[in-house]
Amino acid sequence: MTEGYPQCVEFLQWALPRLGLRWGGFRKVRRQVCRRLRRRCAELGLPDFAAYQAYLERQPGEWTVLESLTHITISRFNRDRSAFAFLASDVLPALAARGADALRVWSAGCASGEEAYTLAITWRLRLAADFPAVRIRILATDVDDAMLTRARRACYPPGSLRELHEAWHAVAFVERDGQRCVRDEFTQAVTLARHDIRSAPPVGPFDLVMCRNLAFTYFDVEGQHAAAARLAGVVRPGGALVLGKHETLPAGVEAFEPWSDAERIYRRTAGIRMIPSLGSPAAECSPSSPINPVSAPSAASTRSDDSS
Ligand SMILES: C[S@@+](CC[C@H](N)C(=O)[O-])C[C@H]1O[C@@H](n2cnc3c(N)ncnc32)[C@H](O)[C@@H]1O
């Protein structure tokens with residue numbers, strides 16, 4: 001396919017809203033998505049984006065493939081350092097002090113696990129000694145099987161540790177084949193499972209939910225409201241919700257109040273109930289029983305440009 005960026009942009013402006021996604025959210029990653037789309041057209045033997053559009057209209061199953069090609073999977077350890085610093089200094093101690101023996105965390109859209117393992121490492125190296133009676137249990141979910149496979153492996157290029165305190169590298173990782181692999185004592189706290197955040201959430205309540213650089217960047221307004229309502233249904237009153245550094249909750253969401261405006265961390269307010277129309281939560285996630293099996297084929301074969 002010889003078509004350039006403007007044709008791809010035009011195609012994305014047509015396709016993204018049909019997937020419930022927000023054009024503006026893709027501002028910084030359009031070129032990456034366009035590269036994947038060109039590869040997909042080449043695989044299908046299609047000459048241009050107009051032909052791909054016609055193909056989507058003839059073959060509705062292709063929308064699932066297209067959707068998987070829009071997943072932006074960039075992550076790294078301790079991403080947005082100040083947010084993790086605030087979690088360690090304020091949020092996690094407050095949540096742990098309430099007297100329960102377990103701190104339940106959900107990392108929604110966990111990519112290759114960096115966020116979940118950062119929490120496990122932070123808890124163990126910074127907070128566990130102050131709360132010897134409290135265990136942390138982290139459920140980390142993603143819709144993308146290729147990401148979950150990487151998360152299970154828990155080995156990363158050295159660059160993805162660049163925001164993590166240097167002193168923790170040797171304590172929390174072991175070097176294998178030029179990669180940094182998370183030591184078992186830190187992976188044990190994390191359960192990985194496949195889950196689509198647009199479906200019923202895992203069984204709560206959670207003390208802390210991380211939903212960063214996913215729904216509130218890429219979903220359209222309707223999808224953002226639906227996601228906020230689902231999250232409100234599983235964060236316990238007084239618990240915390242963490243968004244990405246450049247994200248905010250959509251207007252009108254009353255179930256959360258700011259805990260830190262700067263860090264985009266919210267506290268679940270008491271007394272506001274889950275929106276009843278969302279129904280009851282799904283079964284608990286476990287690695288052996290994915291809670292939301294979806295027939296979407298993995299895009300791993302067509303995607304190799306954004307794993308860091
Ligand atoms: C940009 S990464 C964010 C990773 C991590 N939360 C962070 O901020 O570093 C977004 C992740 O969301 C996943 N994702 C996209 N759509 C999803 C959905 N509908 N449900 C669950 N995960 C989804 C992608 O596969 C990707 O791994």
# chains A, B, ... in the order shown; residues from 1 in each chain; ligands from 1

$ select_by_dssp --residues "segment 180-246 of chain A" --states "helix (DSSP H, G or I)" --output "PyMOL selection string"
chain A and resi 184-187+215-218+221-234

$ residues_near_ligand --ligand "ligand 1" --cutoff "7 Å" --atoms "only C-alpha atoms and all ligand atoms" --output "PyMOL selection string"
chain A and resi 71-76+79+107-112+114-115+141-144+147+195-198+211-214+244

$ write_last_selection --atoms "C-alpha atoms" --output "compact mmCIF listing (two decimals), in the first residue's frame"
# COMPACT_ATOMS: atom_id res chain seq x y z
CA HIS A 71 -4.57 -0.88 21.53
CA ILE A 72 -1.75 1.31 22.73
CA THR A 73 0.33 -0.82 25.03
CA ILE A 74 3.16 1.47 26.13
CA SER A 75 3.99 1.25 29.83
CA ARG A 76 6.99 1.26 32.14
CA ARG A 79 5.45 5.53 35.18
CA SER A 107 -4.74 -2.71 37.78
CA ALA A 108 -7.13 -2.39 34.83
CA GLY A 109 -5.40 -2.26 31.44
CA CYS A 110 -2.14 -3.47 32.95
CA ALA A 111 -0.26 -3.86 29.62
CA SER A 112 2.79 -6.10 30.30
CA GLU A 114 4.76 -2.94 34.81
CA GLU A 115 2.19 -0.99 36.84
CA THR A 141 -6.06 -7.39 33.80
CA ASP A 142 -5.79 -6.55 30.14
CA VAL A 143 -7.83 -7.35 27.06
CA ASP A 144 -4.76 -8.16 24.99
CA MET A 147 0.39 -8.30 26.76
CA HIS A 195 -10.67 -8.76 31.05
CA ASP A 196 -12.30 -6.14 28.87
CA ILE A 197 -13.00 -3.02 30.85
CA ARG A 198 -16.14 -2.48 28.79
CA CYS A 211 -7.08 2.70 35.42
CA ARG A 212 -4.41 4.74 33.69
CA ASN A 213 -3.96 5.67 30.07
CA LEU A 214 -6.89 3.62 28.86
CA GLY A 244 -3.21 8.72 34.16

$ closest_residue --among "A:Arg180, A:Leu95, A:Glu263, A:Arg194" --to "Thr149 of chain A" --atoms "only C-alpha atoms"
A:Arg194

$ residues_around --residues "segment 47-59 of chain A" --least-positions-apart "2" --cutoff "9 Å" --atoms "only C-alpha atoms" --output "PyMOL selection string"
chain A and resi 1-3+7-8+10-11+14-15+37-38+41-42+44-45+61-63+66

$ atom_distance --atom1 "atom CA of His246 of chain A" --atom2 "atom CA of Val209 of chain A"
16.9 Å

$ select_by_dssp --residues "segment 121-287 of chain A" --states "strand (DSSP E or B)" --output "JSON, numbers by chain"
{"A": [135, 136, 137, 138, 139, 140, 141, 142, 155, 156, 173, 174, 175, 176, 179, 180, 181, 182, 190, 191, 192, 193, 194, 206, 207, 208, 209, 210, 219, 235, 236, 237, 238, 239, 240, 241, 242, 256, 257, 258, 259, 260, 265, 266, 267, 268, 286]}

$ write_last_selection --atoms "N, CA and C atoms" --output "compact mmCIF listing (two decimals), in the first residue's frame"
# COMPACT_ATOMS: atom_id res chain seq x y z
N ARG A 135 -1.43 -7.96 53.83
CA ARG A 135 -0.87 -8.47 52.56
C ARG A 135 -1.45 -7.67 51.42
N ILE A 136 -0.70 -7.51 50.36
CA ILE A 136 -1.26 -6.85 49.19
C ILE A 136 -1.62 -7.92 48.16
N ARG A 137 -2.80 -7.79 47.56
CA ARG A 137 -3.23 -8.74 46.50
C ARG A 137 -3.63 -7.91 45.31
N ILE A 138 -2.92 -8.11 44.22
CA ILE A 138 -3.12 -7.25 43.04
C ILE A 138 -3.66 -8.09 41.89
N LEU A 139 -4.83 -7.69 41.41
CA LEU A 139 -5.39 -8.30 40.21
C LEU A 139 -5.02 -7.39 39.03
N ALA A 140 -4.33 -7.94 38.06
CA ALA A 140 -3.89 -7.14 36.91
C ALA A 140 -4.55 -7.72 35.66
N THR A 141 -5.31 -6.89 34.96
CA THR A 141 -6.06 -7.39 33.80
C THR A 141 -5.78 -6.57 32.55
N ASP A 142 -5.92 -7.24 31.42
CA ASP A 142 -5.79 -6.55 30.14
C ASP A 142 -6.61 -7.35 29.13
N CYS A 155 9.69 -10.19 32.27
CA CYS A 155 11.05 -9.78 31.90
C CYS A 155 10.97 -8.58 30.96
N TYR A 156 11.85 -7.60 31.17
CA TYR A 156 11.69 -6.31 30.48
C TYR A 156 13.04 -5.79 30.00
N PHE A 173 14.87 -7.28 40.77
CA PHE A 173 15.01 -7.90 39.44
C PHE A 173 16.26 -8.76 39.39
N VAL A 174 16.19 -9.75 38.51
CA VAL A 174 17.37 -10.54 38.24
C VAL A 174 17.63 -10.43 36.74
N GLU A 175 18.89 -10.40 36.34
CA GLU A 175 19.20 -10.23 34.92
C GLU A 175 19.18 -11.58 34.21
N ARG A 176 18.49 -11.63 33.07
CA ARG A 176 18.44 -12.86 32.28
C ARG A 176 18.45 -12.50 30.80
N GLN A 179 17.79 -9.02 29.79
CA GLN A 179 16.54 -8.41 30.28
C GLN A 179 16.53 -8.40 31.80
N ARG A 180 15.63 -7.57 32.36
CA ARG A 180 15.48 -7.52 33.82
C ARG A 180 14.18 -8.23 34.18
N CYS A 181 14.30 -9.33 34.90
CA CYS A 181 13.12 -10.13 35.23
C CYS A 181 12.76 -9.93 36.71
N VAL A 182 11.47 -9.69 36.95
CA VAL A 182 11.00 -9.43 38.31
C VAL A 182 11.19 -10.70 39.14
N VAL A 190 0.77 -10.79 42.48
CA VAL A 190 0.01 -10.33 41.31
C VAL A 190 -0.67 -11.52 40.61
N THR A 191 -1.97 -11.38 40.38
CA THR A 191 -2.73 -12.36 39.60
C THR A 191 -3.09 -11.71 38.28
N LEU A 192 -2.78 -12.40 37.18
CA LEU A 192 -3.05 -11.83 35.84
C LEU A 192 -4.27 -12.51 35.23
N ALA A 193 -5.11 -11.72 34.57
CA ALA A 193 -6.29 -12.31 33.92
C ALA A 193 -6.73 -11.44 32.76
N ARG A 194 -7.41 -12.08 31.82
CA ARG A 194 -7.92 -11.34 30.68
C ARG A 194 -9.26 -10.72 31.05
N PHE A 206 -12.57 -3.29 45.84
CA PHE A 206 -11.13 -3.05 45.82
C PHE A 206 -10.83 -1.81 46.66
N ASP A 207 -9.68 -1.85 47.32
CA ASP A 207 -9.23 -0.66 48.06
C ASP A 207 -8.65 0.37 47.10
N LEU A 208 -8.05 -0.13 46.02
CA LEU A 208 -7.38 0.76 45.08
C LEU A 208 -7.57 0.21 43.67
N VAL A 209 -7.97 1.08 42.75
CA VAL A 209 -8.04 0.70 41.34
C VAL A 209 -7.18 1.66 40.54
N MET A 210 -6.32 1.09 39.70
CA MET A 210 -5.51 1.89 38.78
C MET A 210 -6.13 1.72 37.40
N PHE A 219 -11.43 6.25 25.17
CA PHE A 219 -12.85 5.99 24.98
C PHE A 219 -13.61 7.28 24.70
N VAL A 235 -14.92 0.09 43.68
CA VAL A 235 -14.00 0.71 44.65
C VAL A 235 -14.79 0.92 45.94
N ARG A 236 -14.28 0.43 47.04
CA ARG A 236 -15.05 0.58 48.29
C ARG A 236 -15.04 2.04 48.73
N PRO A 237 -16.10 2.48 49.45
CA PRO A 237 -16.10 3.86 49.94
C PRO A 237 -14.83 4.15 50.72
N GLY A 238 -14.19 5.26 50.42
CA GLY A 238 -12.91 5.59 51.06
C GLY A 238 -11.72 5.06 50.27
N GLY A 239 -11.98 4.17 49.33
CA GLY A 239 -10.90 3.62 48.51
C GLY A 239 -10.48 4.61 47.43
N ALA A 240 -9.47 4.23 46.66
CA ALA A 240 -8.86 5.18 45.72
C ALA A 240 -8.95 4.69 44.28
N LEU A 241 -9.06 5.66 43.39
CA LEU A 241 -9.01 5.42 41.95
C LEU A 241 -7.89 6.29 41.38
N VAL A 242 -7.00 5.68 40.61
CA VAL A 242 -5.88 6.43 40.02
C VAL A 242 -6.04 6.47 38.51
N PHE A 256 -16.77 9.94 42.95
CA PHE A 256 -15.38 10.14 43.35
C PHE A 256 -15.13 11.62 43.62
N GLU A 257 -14.25 11.88 44.61
CA GLU A 257 -13.82 13.26 44.87
C GLU A 257 -12.29 13.28 44.78
N PRO A 258 -11.70 14.43 44.47
CA PRO A 258 -10.23 14.44 44.34
C PRO A 258 -9.54 14.08 45.65
N TRP A 259 -8.54 13.21 45.56
CA TRP A 259 -7.65 12.93 46.70
C TRP A 259 -6.39 13.76 46.45
N SER A 260 -5.89 13.71 45.23
CA SER A 260 -4.83 14.64 44.80
C SER A 260 -5.15 15.07 43.37
N ILE A 265 -5.61 11.43 41.42
CA ILE A 265 -6.02 10.34 42.31
C ILE A 265 -7.32 10.78 42.99
N TYR A 266 -8.30 9.87 42.98
CA TYR A 266 -9.63 10.18 43.51
C TYR A 266 -9.95 9.25 44.67
N ARG A 267 -10.83 9.76 45.56
CA ARG A 267 -11.31 8.92 46.67
C ARG A 267 -12.78 8.61 46.39
N ARG A 268 -13.15 7.34 46.60
CA ARG A 268 -14.55 6.94 46.42
C ARG A 268 -15.36 7.55 47.57
N SER A 286 -9.40 -15.07 37.62
CA SER A 286 -8.29 -15.93 38.01
C SER A 286 -7.53 -16.28 36.74
